[in-house]
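*Asks:* Sending over my_file.cif (mmCIF, C-alpha atoms, pLDDT in the B column; chains and numbers go by the auth columns).
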```
data_entry
loop_
_atom_site.group_PDB
_atom_site.id
_atom_site.type_symbol
_atom_site.label_atom_id
_atom_site.label_comp_id
_atom_site.label_asym_id
_atom_site.label_seq_id
_atom_site.Cartn_x
_atom_site.Cartn_y
_atom_site.Cartn_z
_atom_site.B_iso_or_equiv
_atom_site.auth_seq_id
_atom_site.auth_asym_id
ATOM 1 C CA MET A 1 41.251 36.784 -36.522 90.00 1 A
ATOM 2 C CA LEU A 2 37.888 38.559 -36.417 94.00 2 A
ATOM 3 C CA THR A 3 37.240 41.452 -34.057 96.00 3 A
ATOM 4 C CA ILE A 4 33.785 42.764 -33.294 96.00 4 A
ATOM 5 C CA GLN A 5 33.349 46.150 -31.610 97.00 5 A
ATOM 6 C CA ILE A 6 29.974 46.656 -29.983 97.00 6 A
ATOM 7 C CA ARG A 7 28.995 49.972 -28.448 98.00 7 A
ATOM 8 C CA TYR A 8 26.265 49.536 -25.850 98.00 8 A
ATOM 9 C CA THR A 9 24.409 52.761 -25.063 97.00 9 A
ATOM 10 C CA GLY A 10 21.785 53.281 -22.392 97.00 10 A
ATOM 11 C CA GLN A 11 20.643 55.786 -19.802 97.00 11 A
ATOM 12 C CA ASN A 12 21.301 56.374 -16.107 97.00 12 A
ATOM 13 C CA GLY A 13 24.446 54.230 -16.039 97.00 13 A
ATOM 14 C CA ASN A 14 22.735 51.152 -17.475 98.00 14 A
ATOM 15 C CA ALA A 15 25.569 50.306 -19.880 98.00 15 A
ATOM 16 C CA MET A 16 28.071 50.154 -17.022 97.00 16 A
ATOM 17 C CA GLN A 17 25.632 48.140 -14.911 98.00 17 A
ATOM 18 C CA PHE A 18 25.233 45.698 -17.825 98.00 18 A
ATOM 19 C CA ALA A 19 29.015 45.261 -18.142 98.00 19 A
ATOM 20 C CA GLY A 20 29.299 44.868 -14.379 98.00 20 A
ATOM 21 C CA GLU A 21 26.657 42.152 -14.294 98.00 21 A
ATOM 22 C CA MET A 22 28.276 40.392 -17.257 97.00 22 A
ATOM 23 C CA MET A 23 31.493 40.281 -15.206 97.00 23 A
ATOM 24 C CA SER A 24 30.037 39.483 -11.770 97.00 24 A
ATOM 25 C CA SER A 25 27.735 36.719 -13.057 96.00 25 A
ATOM 26 C CA GLY A 26 30.661 34.829 -14.597 96.00 26 A
ATOM 27 C CA THR A 27 29.256 35.223 -18.105 96.00 27 A
ATOM 28 C CA VAL A 28 32.382 36.988 -19.361 97.00 28 A
ATOM 29 C CA GLU A 29 34.627 34.224 -18.018 96.00 29 A
ATOM 30 C CA ARG A 30 32.452 31.566 -19.660 95.00 30 A
ATOM 31 C CA ILE A 31 32.654 33.404 -22.994 96.00 31 A
ATOM 32 C CA ARG A 32 36.422 33.786 -22.655 97.00 32 A
ATOM 33 C CA SER A 33 36.697 30.024 -22.125 96.00 33 A
ATOM 34 C CA GLU A 34 34.781 29.233 -25.329 96.00 34 A
ATOM 35 C CA GLU A 35 36.851 27.567 -28.044 96.00 35 A
ATOM 36 C CA GLY A 36 38.284 30.225 -30.355 97.00 36 A
ATOM 37 C CA ASN A 37 37.711 33.280 -28.152 97.00 37 A
ATOM 38 C CA LEU A 38 40.802 35.470 -28.134 97.00 38 A
ATOM 39 C CA ARG A 39 39.544 38.609 -26.366 97.00 39 A
ATOM 40 C CA TYR A 40 36.432 39.799 -24.577 97.00 40 A
ATOM 41 C CA GLU A 41 36.886 43.165 -22.840 98.00 41 A
ATOM 42 C CA TYR A 42 34.698 46.124 -21.883 98.00 42 A
ATOM 43 C CA TYR A 43 35.781 49.790 -21.909 97.00 43 A
ATOM 44 C CA GLN A 44 33.952 52.952 -20.861 95.00 44 A
ATOM 45 C CA SER A 45 33.887 55.972 -23.154 91.00 45 A
ATOM 46 C CA TYR A 46 35.479 59.193 -21.883 92.00 46 A
ATOM 47 C CA GLU A 47 33.301 61.218 -24.225 94.00 47 A
ATOM 48 C CA ASP A 48 29.993 59.505 -23.457 95.00 48 A
ATOM 49 C CA PRO A 49 29.629 58.003 -19.970 94.00 49 A
ATOM 50 C CA GLU A 50 26.437 56.271 -21.116 97.00 50 A
ATOM 51 C CA THR A 51 28.377 54.137 -23.638 97.00 51 A
ATOM 52 C CA VAL A 52 30.434 51.009 -23.039 98.00 52 A
ATOM 53 C CA LEU A 53 32.579 49.448 -25.763 98.00 53 A
ATOM 54 C CA LEU A 54 33.022 45.679 -26.028 98.00 54 A
ATOM 55 C CA ILE A 55 36.009 44.390 -27.979 98.00 55 A
ATOM 56 C CA ASP A 56 35.333 40.768 -28.840 96.00 56 A
ATOM 57 C CA SER A 57 37.885 38.782 -30.910 96.00 57 A
ATOM 58 C CA TRP A 58 37.597 35.280 -32.344 96.00 58 A
ATOM 59 C CA ARG A 59 40.028 32.940 -34.065 95.00 59 A
ATOM 60 C CA ASP A 60 37.812 32.628 -37.158 93.00 60 A
ATOM 61 C CA GLN A 61 34.236 32.785 -38.447 93.00 61 A
ATOM 62 C CA ARG A 62 33.486 29.243 -37.303 96.00 62 A
ATOM 63 C CA ALA A 63 34.362 30.074 -33.676 96.00 63 A
ATOM 64 C CA LEU A 64 32.186 33.187 -33.840 95.00 64 A
ATOM 65 C CA ASP A 65 29.292 31.207 -35.352 96.00 65 A
ATOM 66 C CA GLU A 66 29.567 28.643 -32.544 96.00 66 A
ATOM 67 C CA HIS A 67 29.478 31.446 -29.976 95.00 67 A
ATOM 68 C CA HIS A 68 26.382 32.916 -31.632 94.00 68 A
ATOM 69 C CA ALA A 69 24.693 29.486 -31.428 95.00 69 A
ATOM 70 C CA SER A 70 25.666 28.998 -27.754 93.00 70 A
ATOM 71 C CA PRO A 71 23.472 29.538 -24.674 91.00 71 A
ATOM 72 C CA MET A 72 25.616 32.600 -23.873 90.00 72 A
ATOM 73 C CA MET A 73 23.736 34.601 -26.508 94.00 73 A
ATOM 74 C CA GLY A 74 20.456 34.116 -24.625 95.00 74 A
ATOM 75 C CA VAL A 75 22.069 35.362 -21.424 94.00 75 A
ATOM 76 C CA ILE A 76 23.513 38.399 -23.199 96.00 76 A
ATOM 77 C CA ALA A 77 20.215 39.198 -24.944 96.00 77 A
ATOM 78 C CA ALA A 78 18.295 39.011 -21.657 97.00 78 A
ATOM 79 C CA LEU A 79 20.732 41.394 -19.977 97.00 79 A
ATOM 80 C CA ARG A 80 20.569 43.833 -22.909 97.00 80 A
ATOM 81 C CA GLU A 81 16.786 43.889 -22.503 97.00 81 A
ATOM 82 C CA LYS A 82 17.014 44.234 -18.705 98.00 82 A
ATOM 83 C CA TYR A 83 19.193 47.332 -19.077 98.00 83 A
ATOM 84 C CA ASP A 84 17.376 48.638 -22.211 98.00 84 A
ATOM 85 C CA LEU A 85 20.581 48.984 -24.226 98.00 85 A
ATOM 86 C CA HIS A 86 20.973 49.944 -27.869 97.00 86 A
ATOM 87 C CA MET A 87 23.913 48.785 -29.945 97.00 87 A
ATOM 88 C CA THR A 88 26.106 49.700 -32.868 97.00 88 A
ATOM 89 C CA VAL A 89 28.372 47.002 -34.261 97.00 89 A
ATOM 90 C CA GLU A 90 31.548 47.102 -36.352 96.00 90 A
ATOM 91 C CA ARG A 91 33.512 44.116 -37.633 95.00 91 A
ATOM 92 C CA TYR A 92 37.216 43.985 -38.488 92.00 92 A
ATOM 93 C CA GLU A 93 39.654 41.408 -39.789 86.00 93 A
ATOM 94 C CA SER A 94 43.177 41.370 -38.401 77.00 94 A
ATOM 95 C CA LEU A 95 46.222 42.673 -40.261 67.00 95 A
ATOM 96 C CA ASP A 96 48.448 40.130 -38.494 63.00 96 A
ATOM 97 C CA GLU A 97 49.318 38.383 -41.733 60.00 97 A
ATOM 98 C CA ASN A 98 49.981 41.541 -43.750 62.00 98 A
ATOM 99 C CA LYS A 99 53.768 41.935 -43.520 68.00 99 A
ATOM 100 C CA GLU A 100 53.789 45.312 -45.290 70.00 100 A
ATOM 101 C CA ASP A 101 51.650 46.861 -42.543 69.00 101 A
ATOM 102 C CA GLN A 102 53.803 45.343 -39.787 71.00 102 A
ATOM 103 C CA ALA A 103 56.567 47.833 -40.627 75.00 103 A
ATOM 104 C CA PHE A 104 54.317 50.628 -39.274 73.00 104 A
ATOM 105 C CA ILE A 105 53.278 48.894 -36.042 73.00 105 A
ATOM 106 C CA ARG A 106 55.360 49.430 -32.929 76.00 106 A
ATOM 107 C CA THR A 107 55.088 46.455 -30.591 74.00 107 A
#
```
Is it possible to express this structure as structure tokens?
*Replies:*
Amino acid sequence: MLTIQIRYTGQNGNAMQFAGEMMSSGTVERIRSEEGNLRYEYYQSYEDPETVLLIDSWRDQRALDEHHASPMMGVIAALREKYDLHMTVERYESLDENKEDQAFIRT
């Protein structure tokens, strides 16, 4: 599993407005229904109210590549421009298959 964390930062509440429009327009639901999407969720920062975090998980690189090639990326890019957002991106691979680490994870 691949997880991408994107921090969207703007001004005057624009990051929250972006996330709200992503939800209300149905874009988030369409992304969640894409083959290989495992998670697509927004969170607001307690420390910086002008930042919203997206946690976006995919089954594998192929599913993520297909998402990047989909029409959804044009919709997302247009909304980022509309709300004048800046981004930082981090990428992680899951530890699900690492049995040694599972001993330290409380489920």
*Asks:* Which residues match the PyMOL selection byres ((chain A and resi 44) around 12) in the file above, as a list in words?
*Replies:*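 Expected selection for the PyMOL selection byres ((chain A and resi 44) around 12) here is Ile6, Arg7, Tyr8, Thr9, Gly13, Asn14, Ala15, Met16, Gln17, Phe18, Ala19, Gly20, Glu41, Tyr42, Tyr43, Ser45, Tyr46, Glu47, Asp48, Pro49, Glu50, Thr51, Val52, Leu53, Leu54 and Ile55 of chain A.
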*Asks:* Hey, can you spit out that residue selection with C-alpha atoms as a PDB file, in the frame of the given file?
*Replies:*
```pdb
ATOM      1  CA  ILE A   6      29.974  46.656 -29.983  1.00 97.00           C
ATOM      2  CA  ARG A   7      28.995  49.972 -28.448  1.00 98.00           C
ATOM      3  CA  TYR A   8      26.265  49.536 -25.850  1.00 98.00           C
ATOM      4  CA  THR A   9      24.409  52.761 -25.063  1.00 97.00           C
ATOM      5  CA  GLY A  13      24.446  54.230 -16.039  1.00 97.00           C
ATOM      6  CA  ASN A  14      22.735  51.152 -17.475  1.00 98.00           C
ATOM      7  CA  ALA A  15      25.569  50.306 -19.880  1.00 98.00           C
ATOM      8  CA  MET A  16      28.071  50.154 -17.022  1.00 97.00           C
ATOM      9  CA  GLN A  17      25.632  48.140 -14.911  1.00 98.00           C
ATOM     10  CA  PHE A  18      25.233  45.698 -17.825  1.00 98.00           C
ATOM     11  CA  ALA A  19      29.015  45.261 -18.142  1.00 98.00           C
ATOM     12  CA  GLY A  20      29.299  44.868 -14.379  1.00 98.00           C
ATOM     13  CA  GLU A  41      36.886  43.165 -22.840  1.00 98.00           C
ATOM     14  CA  TYR A  42      34.698  46.124 -21.883  1.00 98.00           C
ATOM     15  CA  TYR A  43      35.781  49.790 -21.909  1.00 97.00           C
ATOM     16  CA  SER A  45      33.887  55.972 -23.154  1.00 91.00           C
ATOM     17  CA  TYR A  46      35.479  59.193 -21.883  1.00 92.00           C
ATOM     18  CA  GLU A  47      33.301  61.218 -24.225  1.00 94.00           C
ATOM     19  CA  ASP A  48      29.993  59.505 -23.457  1.00 95.00           C
ATOM     20  CA  PRO A  49      29.629  58.003 -19.970  1.00 94.00           C
ATOM     21  CA  GLU A  50      26.437  56.271 -21.116  1.00 97.00           C
ATOM     22  CA  THR A  51      28.377  54.137 -23.638  1.00 97.00           C
ATOM     23  CA  VAL A  52      30.434  51.009 -23.039  1.00 98.00           C
ATOM     24  CA  LEU A  53      32.579  49.448 -25.763  1.00 98.00           C
ATOM     25  CA  LEU A  54      33.022  45.679 -26.028  1.00 98.00           C
ATOM     26  CA  ILE A  55      36.009  44.390 -27.979  1.00 98.00           C
TER      27      ILE A  55
END
```
*Asks:* For each of A:Gly10, A:Thr3, A:Leu64, A:Ala103, take the minimum atom-to-atom distance to Met87 (chain A), counting all atoms listed in the file, then give the residue where this is smallest.
*Replies:* A:Gly10
*Asks:* Return as a ChimeraX atom specification the set of residues that the PyMOL selection byres ((chain A and resi 75) around 12) yields on the displayed structure.
*Replies:* /A:18,21-22,25-28,30-31,67-74,76-82
*Asks:* CA of Glu90 (chain A) and CA of Gly36 (chain A), how far apart in Å?
*Replies:*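 For CA of Gly36 (chain A) relative to CA of Glu90 (chain A), the distance reads 19.1 Å.
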*Asks:* Quick check, in Å to one decimal: how far apart do CA of Gln61 (chain A) and CA of Glu93 (chain A) lie?
*Replies:*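 Pair CA of Gln61 (chain A) / CA of Glu93 (chain A) returns 10.3 Å.
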*Asks:* Could you tell me how far CA of Tyr83 (chain A) sits from CA of Arg59 (chain A), in Å to one decimal place?
*Replies:*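 Between CA of Arg59 (chain A) and CA of Tyr83 (chain A) the gap works out to 29.4 Å.
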*Asks:* Nearest to Asp56 (chain A) among A:Val89, A:Phe104, A:Gln11, A:Ser24, with distances taken over all atoms listed in the file: which residue is it?
*Replies:*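 Ranking A:Val89, A:Phe104, A:Gln11, A:Ser24 by distance to Asp56 (chain A), first place goes to A:Val89.
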